[in-house]
file model01.txt (compact mmCIF, C-alpha atoms and all ligand atoms)
# COMPACT_ATOMS: atom_id res chain seq x y z
CA MET L 14 258.44 208.37 67.04
CA GLY L 15 256.33 210.55 69.34
CA SER L 16 254.60 210.06 72.65
CA ARG L 17 251.05 210.00 73.92
CA ILE L 18 249.27 210.02 77.26
CA THR L 19 247.63 206.67 77.96
CA GLY L 20 246.40 207.06 81.54
CA PHE L 21 245.31 209.71 84.02
CA GLY L 22 244.86 209.58 87.80
CA ALA L 23 244.28 211.98 90.67
CA TYR L 24 244.11 211.90 94.43
CA LEU L 25 242.69 214.61 96.66
CA PRO L 26 243.02 214.25 100.43
CA PRO L 27 239.58 213.85 102.04
CA GLU L 28 239.78 216.80 104.48
CA VAL L 29 237.87 219.85 103.15
CA LEU L 30 238.66 223.44 104.21
CA THR L 31 235.72 225.70 103.36
CA ASN L 32 235.61 229.47 103.03
CA SER L 33 233.50 229.70 106.16
CA GLN L 34 236.15 227.76 108.10
CA LEU L 35 238.73 230.31 106.89
CA GLU L 36 236.49 233.09 108.24
CA ALA L 37 237.38 231.77 111.70
CA LEU L 38 241.12 232.10 110.98
CA VAL L 39 241.49 235.43 109.17
CA ASP L 40 239.50 238.57 108.44
CA THR L 41 237.77 237.34 105.27
CA ASN L 42 234.38 236.16 104.09
CA ASP L 43 232.89 233.67 101.67
CA GLU L 44 231.48 236.38 99.38
CA TRP L 45 234.88 238.11 98.94
CA ILE L 46 236.68 234.83 98.25
CA VAL L 47 234.07 233.59 95.74
CA GLN L 48 233.86 236.93 93.90
CA ARG L 49 237.62 237.57 93.77
CA THR L 50 238.82 234.01 93.15
CA GLY L 51 235.96 231.58 92.37
CA ILE L 52 237.13 229.31 95.22
CA ARG L 53 234.55 227.79 97.60
CA GLU L 54 236.64 225.08 99.24
CA ARG L 55 240.01 223.33 99.00
CA ARG L 56 241.52 220.10 100.33
CA VAL L 57 244.20 219.96 103.01
CA ALA L 58 246.24 216.83 103.67
CA GLN L 59 246.38 215.66 107.26
CA GLY L 60 248.96 213.03 108.06
CA GLU L 61 249.87 212.52 104.40
CA GLY L 62 252.93 214.00 102.71
CA THR L 63 253.43 214.94 99.07
CA ALA L 64 254.86 211.52 98.15
CA ALA L 65 251.85 209.74 99.66
CA LEU L 66 249.47 211.86 97.58
CA ALA L 67 251.64 211.39 94.50
CA GLU L 68 251.75 207.61 94.87
CA LYS L 69 247.96 207.37 95.13
CA ALA L 70 247.50 209.45 91.98
CA ALA L 71 250.20 207.40 90.24
CA ARG L 72 248.49 204.09 91.02
CA LYS L 73 245.27 205.38 89.44
CA ALA L 74 247.10 206.60 86.33
CA LEU L 75 248.86 203.23 85.96
CA ALA L 76 245.53 201.39 86.31
CA ASP L 77 243.95 203.71 83.72
CA ALA L 78 246.83 203.00 81.30
CA GLY L 79 246.79 199.26 82.03
CA ARG L 80 250.48 199.37 82.99
CA ARG L 81 252.39 197.74 85.85
CA PRO L 82 254.97 199.71 87.91
CA GLU L 83 257.76 197.41 86.66
CA GLU L 84 257.08 198.64 83.12
CA LEU L 85 258.00 202.24 83.98
CA ASP L 86 261.35 203.56 82.71
CA LEU L 87 261.03 207.07 84.11
CA ILE L 88 259.21 208.92 86.90
CA ILE L 89 259.19 212.73 87.04
CA THR L 90 257.44 214.61 89.82
CA ALA L 91 256.75 218.31 89.58
CA THR L 92 256.46 219.82 93.04
CA VAL L 93 257.36 222.87 95.11
CA THR L 94 256.50 221.06 98.34
CA PRO L 95 258.72 217.95 98.40
CA ASP L 96 258.75 216.04 101.69
CA CYS L 97 262.59 216.13 101.73
CA PHE L 98 265.40 217.72 99.74
CA THR L 99 266.48 214.13 99.25
CA PRO L 100 265.15 211.55 98.57
CA SER L 101 263.02 213.18 95.89
CA VAL L 102 259.27 212.65 95.78
CA ALA L 103 259.81 210.74 92.52
CA CYS L 104 262.23 208.34 94.27
CA MET L 105 259.78 207.87 97.14
CA VAL L 106 257.02 207.09 94.62
CA GLN L 107 259.36 204.72 92.76
CA ALA L 108 259.98 202.82 96.01
CA GLY L 109 256.31 202.83 97.00
CA LEU L 110 255.18 201.51 93.65
CA GLY L 111 258.04 199.05 93.25
CA ALA L 112 258.89 200.65 89.89
CA VAL L 113 262.28 198.97 90.03
CA HIS L 114 263.36 199.80 86.47
CA ALA L 115 262.51 203.50 86.54
CA ALA L 116 264.87 206.48 86.77
CA ALA L 117 263.30 209.09 89.04
CA PHE L 118 263.72 212.79 89.75
CA ASP L 119 261.79 215.91 90.75
CA ILE L 120 261.49 219.22 88.97
CA SER L 121 260.54 222.62 90.37
CA ALA L 122 258.55 224.85 88.04
CA ALA L 123 255.63 225.70 90.34
CA CYS L 124 252.27 225.97 88.58
CA SER L 125 253.87 225.23 85.19
CA GLY L 126 255.56 222.09 86.56
CA PHE L 127 253.28 219.43 85.12
CA VAL L 128 253.57 220.82 81.59
CA TYR L 129 257.35 221.12 82.01
CA ALA L 130 257.38 217.44 83.13
CA LEU L 131 255.29 216.44 80.11
CA ASP L 132 257.75 218.16 77.77
CA ILE L 133 260.74 216.48 79.45
CA ALA L 134 259.09 213.04 79.29
CA ASP L 135 258.07 213.58 75.66
CA SER L 136 261.66 214.56 74.80
CA PHE L 137 263.07 211.39 76.42
CA LEU L 138 260.46 209.17 74.74
CA ARG L 139 261.10 210.70 71.30
CA THR L 140 264.78 209.75 71.50
CA GLY L 141 263.86 206.10 72.04
CA LYS L 142 265.82 206.06 75.31
CA PHE L 143 262.68 205.28 77.35
CA ARG L 144 259.32 203.76 76.42
CA THR L 145 257.04 204.37 79.41
CA ALA L 146 257.06 207.39 81.71
CA LEU L 147 255.01 208.49 84.70
CA ILE L 148 254.64 212.22 85.26
CA ILE L 149 253.13 213.61 88.44
CA GLY L 150 252.16 217.02 89.81
CA ALA L 151 251.81 216.81 93.60
CA GLU L 152 251.64 219.40 96.36
CA THR L 153 250.96 219.76 100.07
CA LEU L 154 250.89 223.55 99.99
CA SER L 155 248.99 223.65 103.30
CA ARG L 156 252.34 222.87 104.98
CA ILE L 157 253.92 226.11 103.76
CA ILE L 158 250.92 228.43 103.97
CA ASP L 159 250.72 231.05 106.67
CA TYR L 160 247.12 230.68 107.90
CA SER L 161 247.24 234.15 109.39
CA ASP L 162 247.87 235.77 105.97
CA ARG L 163 244.49 236.29 104.30
CA SER L 164 246.06 237.30 100.99
CA THR L 165 247.46 233.79 100.40
CA CYS L 166 245.79 231.27 102.73
CA ILE L 167 242.45 231.44 100.92
CA LEU L 168 243.98 230.46 97.59
CA PHE L 169 245.91 227.24 97.96
CA GLY L 170 245.03 223.58 98.44
CA ASP L 171 246.62 220.12 98.38
CA GLY L 172 246.35 217.35 95.81
CA ALA L 173 248.10 215.22 93.22
CA GLY L 174 247.55 214.26 89.61
CA ALA L 175 249.49 211.88 87.38
CA ALA L 176 249.68 210.69 83.80
CA VAL L 177 251.34 207.78 82.03
CA VAL L 178 253.11 208.85 78.84
CA GLU L 179 254.24 206.21 76.34
CA ALA L 180 256.35 206.17 73.21
CA SER L 181 254.00 205.99 70.26
CA GLU L 182 253.99 206.05 66.46
CA LYS L 183 250.83 208.11 66.74
CA GLU L 184 251.70 211.69 67.81
CA GLY L 185 250.01 212.59 71.10
CA VAL L 186 252.07 215.61 72.13
CA LEU L 187 251.57 217.95 69.18
CA SER L 188 253.49 220.94 70.53
CA THR L 189 254.86 222.47 73.71
CA CYS L 190 256.12 225.88 74.80
CA LEU L 191 258.19 226.44 77.94
CA TRP L 192 258.90 229.95 79.24
CA ALA L 193 260.63 231.45 82.29
CA ASP L 194 261.56 234.87 83.67
CA GLY L 195 263.64 234.36 86.80
CA ALA L 196 264.21 238.10 87.13
CA GLY L 197 260.52 238.51 87.96
CA GLY L 198 260.45 235.67 90.48
CA GLY L 199 260.33 237.83 93.61
CA VAL L 200 256.58 238.43 93.29
CA LEU L 201 255.70 234.86 94.34
CA ARG L 202 258.04 233.11 96.73
CA ALA L 203 258.20 230.15 99.07
CA GLN L 204 261.31 229.94 101.24
CA ALA L 205 263.05 226.57 101.36
CA LEU L 206 265.26 227.48 104.33
CA PRO L 207 265.61 230.36 106.77
CA GLN L 208 268.02 232.82 105.25
CA ASN L 209 270.73 235.17 106.42
CA GLU L 210 269.93 237.63 103.72
CA ASP L 211 267.26 238.15 101.12
CA PRO L 212 268.67 237.39 97.62
CA PHE L 213 266.09 239.75 96.16
CA GLY L 214 267.06 242.47 98.64
CA GLU L 215 263.45 243.39 99.27
CA ARG L 216 262.42 242.15 102.66
CA PRO L 217 264.16 241.84 106.04
CA PRO L 218 265.07 238.26 107.06
CA GLN L 219 262.57 238.10 109.93
CA GLU L 220 259.76 238.70 107.43
CA LEU L 221 260.99 235.80 105.28
CA ALA L 222 261.25 233.43 108.22
CA ARG L 223 257.72 234.29 109.30
CA ARG L 224 256.10 233.79 105.92
CA ALA L 225 256.60 230.65 103.92
CA VAL L 226 254.56 231.78 100.90
CA SER L 227 254.49 235.44 100.03
CA MET L 228 252.88 236.93 96.96
CA ALA L 229 252.27 240.31 95.38
CA GLY L 230 248.83 239.13 94.28
CA GLY L 231 247.95 241.95 91.91
CA GLU L 232 251.27 241.69 90.06
CA VAL L 233 250.97 237.91 89.73
CA LEU L 234 247.40 238.32 88.50
CA ARG L 235 248.48 240.78 85.78
CA PHE L 236 251.42 238.56 84.83
CA SER L 237 249.14 235.51 84.54
CA LEU L 238 246.59 237.34 82.40
CA SER L 239 249.28 238.43 79.93
CA ILE L 240 251.50 235.31 79.82
CA ALA L 241 248.76 232.67 79.50
CA PRO L 242 247.62 233.75 76.00
CA ARG L 243 251.25 234.24 74.91
CA VAL L 244 252.25 230.63 75.63
CA MET L 245 248.90 229.32 74.37
CA ASP L 246 249.33 231.20 71.07
CA GLU L 247 252.86 229.84 70.77
CA ALA L 248 251.74 226.21 71.27
CA LEU L 249 248.97 226.70 68.68
CA SER L 250 251.37 228.23 66.18
CA ARG L 251 253.99 225.47 66.70
CA ALA L 252 251.30 222.83 66.08
CA GLY L 253 249.94 224.70 63.05
CA LEU L 254 246.51 224.88 64.69
CA THR L 255 244.02 227.56 65.72
CA ILE L 256 241.86 227.69 68.83
CA ALA L 257 238.96 226.34 66.69
CA ASP L 258 240.89 223.03 66.39
CA ILE L 259 240.93 222.59 70.19
CA ASP L 260 238.27 220.51 71.95
CA TRP L 261 239.22 221.43 75.52
CA VAL L 262 241.28 224.16 77.16
CA VAL L 263 242.67 223.08 80.54
CA PRO L 264 244.18 226.14 82.24
CA HIS L 265 246.03 226.33 85.54
CA GLN L 266 243.46 226.94 88.29
CA ALA L 267 244.81 230.05 90.06
CA ASN L 268 241.86 232.44 89.94
CA LYS L 269 238.50 232.20 88.12
CA ARG L 270 239.12 235.76 86.87
CA ILE L 271 242.22 234.55 84.98
CA ILE L 272 240.22 231.68 83.47
CA SER L 273 237.45 234.13 82.49
CA GLY L 274 240.13 236.33 80.89
CA ILE L 275 241.26 233.37 78.77
CA ILE L 276 237.65 232.60 77.81
CA ARG L 277 237.12 236.23 76.69
CA ARG L 278 240.46 236.47 74.86
CA TYR L 279 239.70 233.40 72.68
CA HIS L 280 235.88 233.86 72.54
CA LEU L 281 235.58 230.35 73.96
CA PRO L 282 232.30 228.71 74.91
CA GLU L 283 232.52 228.12 78.68
CA GLU L 284 231.84 224.39 78.21
CA LYS L 285 235.16 224.01 76.35
CA VAL L 286 237.18 225.12 79.40
CA TYR L 287 237.57 222.77 82.36
CA VAL L 288 237.25 224.42 85.77
CA ASN L 289 237.52 222.85 89.23
CA ILE L 290 238.90 225.84 91.16
CA ASP L 291 235.65 226.11 93.14
CA ARG L 292 236.34 222.69 94.74
CA CYS L 293 240.15 222.52 94.80
CA GLY L 294 241.59 226.03 94.89
CA ASN L 295 245.10 226.44 93.50
CA THR L 296 247.12 223.22 93.90
CA SER L 297 250.09 224.54 91.86
CA SER L 298 251.67 221.74 89.81
CA ALA L 299 248.75 219.40 90.59
CA THR L 300 246.00 221.54 89.07
CA ILE L 301 246.29 220.48 85.43
CA PRO L 302 246.72 216.70 85.99
CA VAL L 303 243.91 216.70 88.57
CA CYS L 304 241.66 218.38 85.99
CA LEU L 305 242.66 215.83 83.33
CA ALA L 306 241.94 212.89 85.63
CA GLU L 307 238.57 214.34 86.63
CA MET L 308 237.71 214.83 82.96
CA ARG L 309 238.61 211.20 82.25
CA GLU L 310 236.52 210.01 85.20
CA ARG L 311 233.54 212.13 84.12
CA GLY L 312 233.64 210.68 80.59
CA LEU L 313 234.52 214.05 79.03
CA LEU L 314 237.55 212.74 77.11
CA ALA L 315 237.39 210.81 73.83
CA PRO L 316 240.03 209.48 71.42
CA GLY L 317 241.16 212.03 68.85
CA GLN L 318 240.30 215.08 70.98
CA ARG L 319 242.86 217.88 71.16
CA LEU L 320 243.51 219.55 74.52
CA LEU L 321 245.37 222.81 75.11
CA LEU L 322 247.07 222.86 78.54
CA ALA L 323 248.36 226.13 80.01
CA GLY L 324 250.32 226.55 83.26
CA PHE L 325 251.69 229.81 84.69
CA GLY L 326 252.98 231.02 88.04
CA GLY L 327 255.98 230.96 90.36
CA GLY L 328 259.47 231.29 88.95
CA LEU L 329 258.15 233.15 87.06
CA THR L 330 257.32 230.32 84.69
CA ALA L 331 254.70 229.50 82.09
CA ALA L 332 254.20 226.47 79.85
CA SER L 333 251.67 225.21 77.35
CA ALA L 334 251.13 221.98 75.44
CA ILE L 335 248.69 220.63 72.90
CA ILE L 336 247.94 216.95 73.38
CA GLN L 337 245.85 214.68 71.19
CA LEU L 338 244.19 211.71 72.87
O1 LIG J 401 249.45 230.02 90.94
C1 LIG J 401 250.24 231.11 90.63
C2 LIG J 401 249.44 232.15 90.04
N1 LIG J 401 248.70 232.81 91.07
C3 LIG J 401 247.88 233.75 90.72
O2 LIG J 401 247.75 234.00 89.55
C4 LIG J 401 247.18 234.50 91.81
C5 LIG J 401 247.05 235.90 91.35
N2 LIG J 401 246.44 236.82 92.26
C6 LIG J 401 245.15 236.75 92.66
O3 LIG J 401 244.46 235.78 92.43
C7 LIG J 401 244.57 237.99 93.32
O4 LIG J 401 245.50 239.05 93.24
C8 LIG J 401 244.13 237.79 94.79
C9 LIG J 401 242.91 236.89 94.86
C10 LIG J 401 245.27 237.21 95.59
C11 LIG J 401 243.74 239.14 95.37
O5 LIG J 401 242.72 239.73 94.59
P1 LIG J 401 242.83 241.26 94.15
O6 LIG J 401 241.63 241.59 93.39
O7 LIG J 401 244.16 241.43 93.46
O8 LIG J 401 242.76 242.00 95.54
P2 LIG J 401 243.81 242.99 96.22
O9 LIG J 401 245.03 242.23 96.62
O10 LIG J 401 243.98 244.19 95.33
O11 LIG J 401 243.03 243.43 97.51
C12 LIG J 401 241.82 244.18 97.44
C13 LIG J 401 241.34 244.41 98.86
C14 LIG J 401 242.42 244.93 99.80
O12 LIG J 401 241.80 245.78 100.71
P3 LIG J 401 241.88 247.39 100.52
O13 LIG J 401 243.36 247.71 100.53
O14 LIG J 401 241.24 247.66 99.20
O15 LIG J 401 241.13 247.91 101.69
C15 LIG J 401 242.89 243.69 100.51
O16 LIG J 401 243.44 243.99 101.77
O17 LIG J 401 240.92 243.15 99.42
C16 LIG J 401 241.60 242.93 100.66
N3 LIG J 401 241.81 241.48 100.82
C17 LIG J 401 240.88 240.70 101.36
N4 LIG J 401 239.66 240.95 101.86
C18 LIG J 401 238.96 239.90 102.34
C19 LIG J 401 242.87 240.75 100.44
N5 LIG J 401 242.67 239.45 100.74
C20 LIG J 401 241.43 239.41 101.31
C21 LIG J 401 240.66 238.35 101.82
N6 LIG J 401 239.43 238.64 102.31
N7 LIG J 401 241.09 237.07 101.83

call {"tool": "encode", "arguments": {"input": "model01.txt", "output": "structure tokens"}}
result
Amino acid sequence: MGSRITGFGAYLPPEVLTNSQLEALVDTNDEWIVQRTGIRERRVAQGEGTAALAEKAARKALADAGRRPEELDLIITATVTPDCFTPSVACMVQAGLGAVHAAAFDISAACSGFVYALDIADSFLRTGKFRTALIIGAETLSRIIDYSDRSTCILFGDGAGAAVVEASEKEGVLSTCLWADGAGGGVLRAQALPQNEDPFGERPPQELARRAVSMAGGEVLRFSLSIAPRVMDEALSRAGLTIADIDWVVPHQANKRIISGIIRRYHLPEEKVYVNIDRCGNTSSATIPVCLAEMRERGLLAPGQRLLLAGFGGGLTAASAIIQL
């Protein structure tokens, strides 16, 4: 028994924040942002929390899979911007959908979160314990961004993506690879609470209280460029495949330069790599499922295709998976 993805869905809040709008907030310009990141605009939720975004994406994924909420056994939400410590976003989605038979919990693995959630769901489904799971990546990063910090505020956006994963005789999750290096986590941080002291011993408390998201951009960029191929190679090797067997690469959307690095490393034709960073920016755990749902909607996905997913970022974490549709 294996598992396969049977439905995709995404929801992006309607409010658009363009590079030129950011020019009014910080000392930046459209040309710098486009050249250094590939981002032209991102969405920011107004009046909607993470669970609201997640529920909208979930409803679309359920419709795509032809499943009713009552058929769900499990809901996992990957997020670093939950609305509350408790209830979890997954529990709020469970209530909103009326998924009365589903267990529900959140995980925190930042930009790798959706692939972590896929691996967890796949593991449950393989045991036969559950038959139908809903996995979601959802973020309202705009709530924890310091819009006076030009090194981070240009990068991030809000959104949610979801997928229905079902137990299946036909293997749909061919391999996964999860990785973490907590010792390196200080380079990309988002404070949950004001602190008395800095556990990493690097910055004074007033600095932490002032800045919700702080990042050593260059270090995270170098980390991403080196870890992405490592976890991608591992997923390929575990599945007994090479990059030539892959129809689509769907990388985390953190910076177009990282995606270009992946394209160069594997000598990939650009049309095999899905990119939406220009429109969405970095939505952390939502990037990969939003890409997948857009690909479905645009008619780019077909039965039998193999997709290589690669997430990397805060934690530090990284994760890859090869799925067959
Ligand atoms: O999702 C998790 C994974 N996240 C990532 O992988 C993100 C990784 N990091 C990045 O994408 C890049 O490091 C950034 C886009 C954040 C920054 O690009 P960079 O090429 O690493 O630039 P930099 O930080 O080295 O800064 C170069 C210059 C600096 O000025 P000086 O010191 O050379 O005079 C910055 O102060 O660019 C300046 N700068 C800006 N200028 C205009 C930094 N941010 C901006 C800005 N607009 N928004």

call {"tool": "atom_distance", "arguments": {"input": "model01.txt", "atom1": "CA of Val288 in chain L", "atom2": "CA of Glu152 in chain L"}}
result
18.6 Å

call {"tool": "closest_atom_pairs", "arguments": {"input": "model01.txt", "of": "chain L", "to": "ligand LIG 401 (chain J)", "cutoff": "8 Å", "atoms": "only C-alpha atoms and all ligand atoms", "output": "Markdown table"}}
result
| residue | atom | partner | partner_atom | distance |
| --- | --- | --- | --- | --- |
| L:Val39 | CA | J:LIG401 | N7 | 7.5 |
| L:Asp40 | CA | J:LIG401 | N6 | 6.1 |
| L:Thr41 | CA | J:LIG401 | N6 | 3.6 |
| L:Asn42 | CA | J:LIG401 | N6 | 5.9 |
| L:Trp45 | CA | J:LIG401 | C18 | 5.6 |
| L:Ile46 | CA | J:LIG401 | N7 | 6.1 |
| L:Arg49 | CA | J:LIG401 | C9 | 5.4 |
| L:Thr50 | CA | J:LIG401 | C9 | 5.3 |
| L:Ala123 | CA | J:LIG401 | O1 | 7.6 |
| L:Cys124 | CA | J:LIG401 | O1 | 5.5 |
| L:Arg163 | CA | J:LIG401 | N7 | 4.3 |
| L:Ser164 | CA | J:LIG401 | N5 | 4.0 |
| L:Thr165 | CA | J:LIG401 | C10 | 6.3 |
| L:Cys166 | CA | J:LIG401 | N7 | 7.5 |
| L:Ile167 | CA | J:LIG401 | N7 | 5.9 |
| L:Leu168 | CA | J:LIG401 | C9 | 7.1 |
| L:Leu201 | CA | J:LIG401 | C1 | 7.6 |
| L:Met228 | CA | J:LIG401 | C10 | 7.7 |
| L:Ala229 | CA | J:LIG401 | O4 | 7.2 |
| L:Gly230 | CA | J:LIG401 | O4 | 3.5 |
| L:Gly231 | CA | J:LIG401 | O4 | 4.0 |
| L:Glu232 | CA | J:LIG401 | O4 | 7.1 |
| L:Val233 | CA | J:LIG401 | C5 | 4.7 |
| L:Leu234 | CA | J:LIG401 | C5 | 3.8 |
| L:Arg235 | CA | J:LIG401 | C5 | 7.5 |
| L:Phe236 | CA | J:LIG401 | O2 | 7.5 |
| L:Ser237 | CA | J:LIG401 | O2 | 5.4 |
| L:Leu238 | CA | J:LIG401 | O2 | 8.0 |
| L:His265 | CA | J:LIG401 | O1 | 7.4 |
| L:Gln266 | CA | J:LIG401 | O1 | 7.2 |
| L:Ala267 | CA | J:LIG401 | O1 | 4.7 |
| L:Asn268 | CA | J:LIG401 | O3 | 4.9 |
| L:Arg270 | CA | J:LIG401 | O3 | 7.7 |
| L:Ile271 | CA | J:LIG401 | O2 | 7.2 |
| L:Asn295 | CA | J:LIG401 | O1 | 6.2 |
| L:Thr296 | CA | J:LIG401 | O1 | 7.8 |
| L:Ser297 | CA | J:LIG401 | O1 | 5.6 |
| L:Phe325 | CA | J:LIG401 | C1 | 6.3 |
| L:Gly326 | CA | J:LIG401 | C1 | 3.8 |
| L:Gly327 | CA | J:LIG401 | C1 | 5.7 |

call {"tool": "atom_distance", "arguments": {"input": "model01.txt", "atom1": "CA of Ala299 in chain L", "atom2": "CA of Gly174 in chain L"}}
result
5.4 Å

call {"tool": "atom_distance", "arguments": {"input": "model01.txt", "atom1": "CA of Glu179 in chain L", "atom2": "CA of Ile149 in chain L"}}
result
14.2 Å

call {"tool": "residues_around", "arguments": {"input": "model01.txt", "residues": "Arg17 in chain L", "least_positions_apart": "5", "cutoff": "6 Å", "atoms": "all atoms listed in the file", "output": "PyMOL selection string"}}
result
chain L and resi 178-179+185-186

call {"tool": "closest_residue", "arguments": {"input": "model01.txt", "among": "L:Pro302, L:Gly274, L:Gly141, L:Pro27", "to": "Arg55 in chain L", "atoms": "all atoms listed in the file"}}
result
L:Pro27

call {"tool": "residues_around", "arguments": {"input": "model01.txt", "residues": "range 19-24 of chain L", "least_positions_apart": "5", "cutoff": "8 Å", "atoms": "all atoms listed in the file", "output": "list in words"}}
result
Leu66, Ala67, Lys69, Ala70, Ala71, Arg72, Lys73, Ala74, Leu75, Ala76, Asp77, Ala78, Gly79, Gly172, Ala173, Gly174, Ala175, Ala176, Val177, Val178, Glu179, Pro302, Val303, Leu305, Ala306, Glu307, Arg309 and Leu338 of chain L

call {"tool": "closest_residue", "arguments": {"input": "model01.txt", "among": "L:Ala205, L:Ile148, L:Glu84, L:Ser121", "to": "Ala134 in chain L", "atoms": "only C-alpha atoms"}}
result
L:Ile148

call {"tool": "axis_aligned_box", "arguments": {"input": "model01.txt", "around": "range 311-324 of chain L", "padding_each_side": "6 Å", "output": "JSON"}}
result
{"center_x": 241.9, "center_y": 218.0, "center_z": 76.5, "size_x": 28.8, "size_y": 29.1, "size_z": 27.3}

call {"tool": "residues_near_point", "arguments": {"input": "model01.txt", "point": "(245.5, 219.9, 71.1)", "cutoff": "10 Å", "atoms": "only C-alpha atoms", "output": "list in words"}}
result
Gly185, Val186, Leu187, Ser188, Ala248, Leu249, Ala252, Leu254, Thr255, Ile256, Asp258, Ile259, Asp260, Trp261, Val262, Gly317, Gln318, Arg319, Leu320, Leu321, Leu322, Ala334, Ile335, Ile336, Gln337 and Leu338 of chain L

call {"tool": "write_last_selection", "arguments": {"input": "model01.txt", "atoms": "C-alpha atoms", "output": "mmCIF file, in the frame of the given file"}}
result
data_model
loop_
_atom_site.group_PDB
_atom_site.id
_atom_site.type_symbol
_atom_site.label_atom_id
_atom_site.label_comp_id
_atom_site.auth_asym_id
_atom_site.auth_seq_id
_atom_site.Cartn_x
_atom_site.Cartn_y
_atom_site.Cartn_z
ATOM 1 C CA GLY L 185 250.010 212.590 71.100
ATOM 2 C CA VAL L 186 252.070 215.610 72.130
ATOM 3 C CA LEU L 187 251.570 217.950 69.180
ATOM 4 C CA SER L 188 253.490 220.940 70.530
ATOM 5 C CA ALA L 248 251.740 226.210 71.270
ATOM 6 C CA LEU L 249 248.970 226.700 68.680
ATOM 7 C CA ALA L 252 251.300 222.830 66.080
ATOM 8 C CA LEU L 254 246.510 224.880 64.690
ATOM 9 C CA THR L 255 244.020 227.560 65.720
ATOM 10 C CA ILE L 256 241.860 227.690 68.830
ATOM 11 C CA ASP L 258 240.890 223.030 66.390
ATOM 12 C CA ILE L 259 240.930 222.590 70.190
ATOM 13 C CA ASP L 260 238.270 220.510 71.950
ATOM 14 C CA TRP L 261 239.220 221.430 75.520
ATOM 15 C CA VAL L 262 241.280 224.160 77.160
ATOM 16 C CA GLY L 317 241.160 212.030 68.850
ATOM 17 C CA GLN L 318 240.300 215.080 70.980
ATOM 18 C CA ARG L 319 242.860 217.880 71.160
ATOM 19 C CA LEU L 320 243.510 219.550 74.520
ATOM 20 C CA LEU L 321 245.370 222.810 75.110
ATOM 21 C CA LEU L 322 247.070 222.860 78.540
ATOM 22 C CA ALA L 334 251.130 221.980 75.440
ATOM 23 C CA ILE L 335 248.690 220.630 72.900
ATOM 24 C CA ILE L 336 247.940 216.950 73.380
ATOM 25 C CA GLN L 337 245.850 214.680 71.190
ATOM 26 C CA LEU L 338 244.190 211.710 72.870
#

call {"tool": "closest_residue", "arguments": {"input": "model01.txt", "among": "L:Asp132, L:Asp119, L:Gly150, L:Gly198", "to": "Cys97 in chain L", "atoms": "all atoms listed in the file"}}
result
L:Asp119

call {"tool": "closest_residue", "arguments": {"input": "model01.txt", "among": "L:Ala116, L:Ala193, L:Ala37, L:Ala65", "to": "Leu25 in chain L", "atoms": "all atoms listed in the file"}}
result
L:Ala65

call {"tool": "closest_residue", "arguments": {"input": "model01.txt", "among": "L:Leu313, L:Ala196, L:Leu30, L:Val226", "to": "Thr94 in chain L", "atoms": "all atoms listed in the file"}}
result
L:Val226
